[in-house]
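Colleague: For reference, the structure I am asking about is given below.
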Amino acid sequence: MSNEQLAAPISFTQITSEPIVMADLETTVLTDEIGASVNFIGRVRNHDHGRTVISLEYEAHPDADLILAQITSTVAGQFEGVRISAVHRVGHLGIGETALGVVVGAAHRGAALAACGALVEEIKSTLPIWKLQTFDDGTTEWVNCL
C-alpha cells in the first residue's frame with residue numbers, strides 16, 4: 001500500500017445540486033492498490049410509510065460540506081487503507097434520482113464493505129441535511145429535522 005494512499009484516504013466529498021455520477025466517484029477512489037470497491041447509491045423512492053412520494057426537496061446546513069468531510073475522515077480513520085468518496089445531493093429530486101453516492105475502496109472486501117456501511121449510517125444519522133417529501137395527495141412532510 002502506498003504512503004500516498006494512507007496519507008489521503010478521503011478522495012472526494014461534496015454537497016451538490018448537480019446529478020451524482022457514480023462512475024466519476026469511482027475514478028476518485030480506484031487505484032492499482034484497490035482490490036475491492038463498494039458503491040452505495042441512495043435513491044429517491046416512490047413511497048414512505050405507506051404513502052406515495054412524488055418528489056423530494058433536500059436542504060443542507062451551510063456547513064454541510066465541511067461536516068460531510070469530517071464524517072468521512074472519521075470513518076476512514078477507523079479502517080486502515082481505505083479510500084472514500086461521498087457526495088450528497090440537495091435541491092429538487094424526482095423518483096429514481098441519486099440522493100447519496102458513496103464509493104469505498106480497499107485492498108480487501110471486508111474493509112471496503114465495513115467502511116461503506118459505517119459511513120452511510122453516520123451520514124444518515126449526523127449530516128445536517130433535511131428533506132421535504134411531497135406526496136401524491138399534495139401534502140408535504142419534513143424528515144430528519146433536528
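Following the order of the C-alpha cells, chains are lettered A, B, ..., residues in each are numbered from 1, and ligands are numbered from 1.
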Taking the DSSP secondary structure from the backbone, can you list the residues of segment 55-142 of chain A that are alpha helix (DSSP H), as a ChimeraX atom specification?

Modeller: /A:64-76,109-126

Colleague: Name the residues in contact with Arg83 of chain A at a cut-off of 8 Å, using only C-alpha atoms, excluding same-chain residues fewer than 4 positions from it; report them as a list of chain:residue names.

Modeller: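 Here the qualifying residues turn out to be A:Gln5, A:Ala8, A:Pro9, A:Ile10, A:Ser11, A:Val29, A:Leu30, A:Ala76, A:Val104, A:Gly105, A:Ala106.
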
Colleague: Would you please give, as a PyMOL selection string, all residues of chain A that DSSP assigns to strand (DSSP E) based on the backbone?

Modeller: chain A and resi 10-16+36-43+47-48+51-60+83-89+91-94+98-106+129-135+140-143

Colleague: Identify, on the basis of only C-alpha atoms, every residue whose closest approach to Leu56 of chain A does not exceed 10 Å; exclude the query and any residue fewer than 4 positions from it along the same chain; express the result as a VMD selection string.

Modeller: chain A and resid 44 to 46 90 to 95 97 99 130 to 135 140 to 142

Colleague: Let's have the selection written as a compact mmCIF listing (two decimals), in the first residue's frame, with C-alpha atoms.

Modeller:
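Contents of selection-v2.txt, freshly written:
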# COMPACT_ATOMS: atom_id res chain seq x y z
CA VAL A 44 -35.36 8.64 -4.11
CA ARG A 45 -38.08 6.02 -3.75
CA ASN A 46 -41.77 6.40 -4.54
CA VAL A 90 -29.51 18.96 -2.47
CA GLY A 91 -32.39 20.65 -4.25
CA HIS A 92 -35.37 19.09 -6.01
CA LEU A 93 -35.05 15.38 -6.83
CA GLY A 94 -37.51 13.16 -8.63
CA ILE A 95 -38.19 9.48 -8.11
CA GLU A 97 -32.60 10.09 -8.76
CA ALA A 99 -29.51 11.49 -3.38
CA TRP A 130 -33.23 17.70 5.70
CA LYS A 131 -35.78 16.53 3.16
CA LEU A 132 -39.23 17.74 2.33
CA GLN A 133 -41.30 14.90 0.89
CA THR A 134 -44.17 15.71 -1.43
CA PHE A 135 -46.93 13.11 -1.55
CA THR A 140 -45.74 17.51 2.37
CA GLU A 141 -43.67 16.32 5.30
CA TRP A 142 -40.23 17.33 6.61
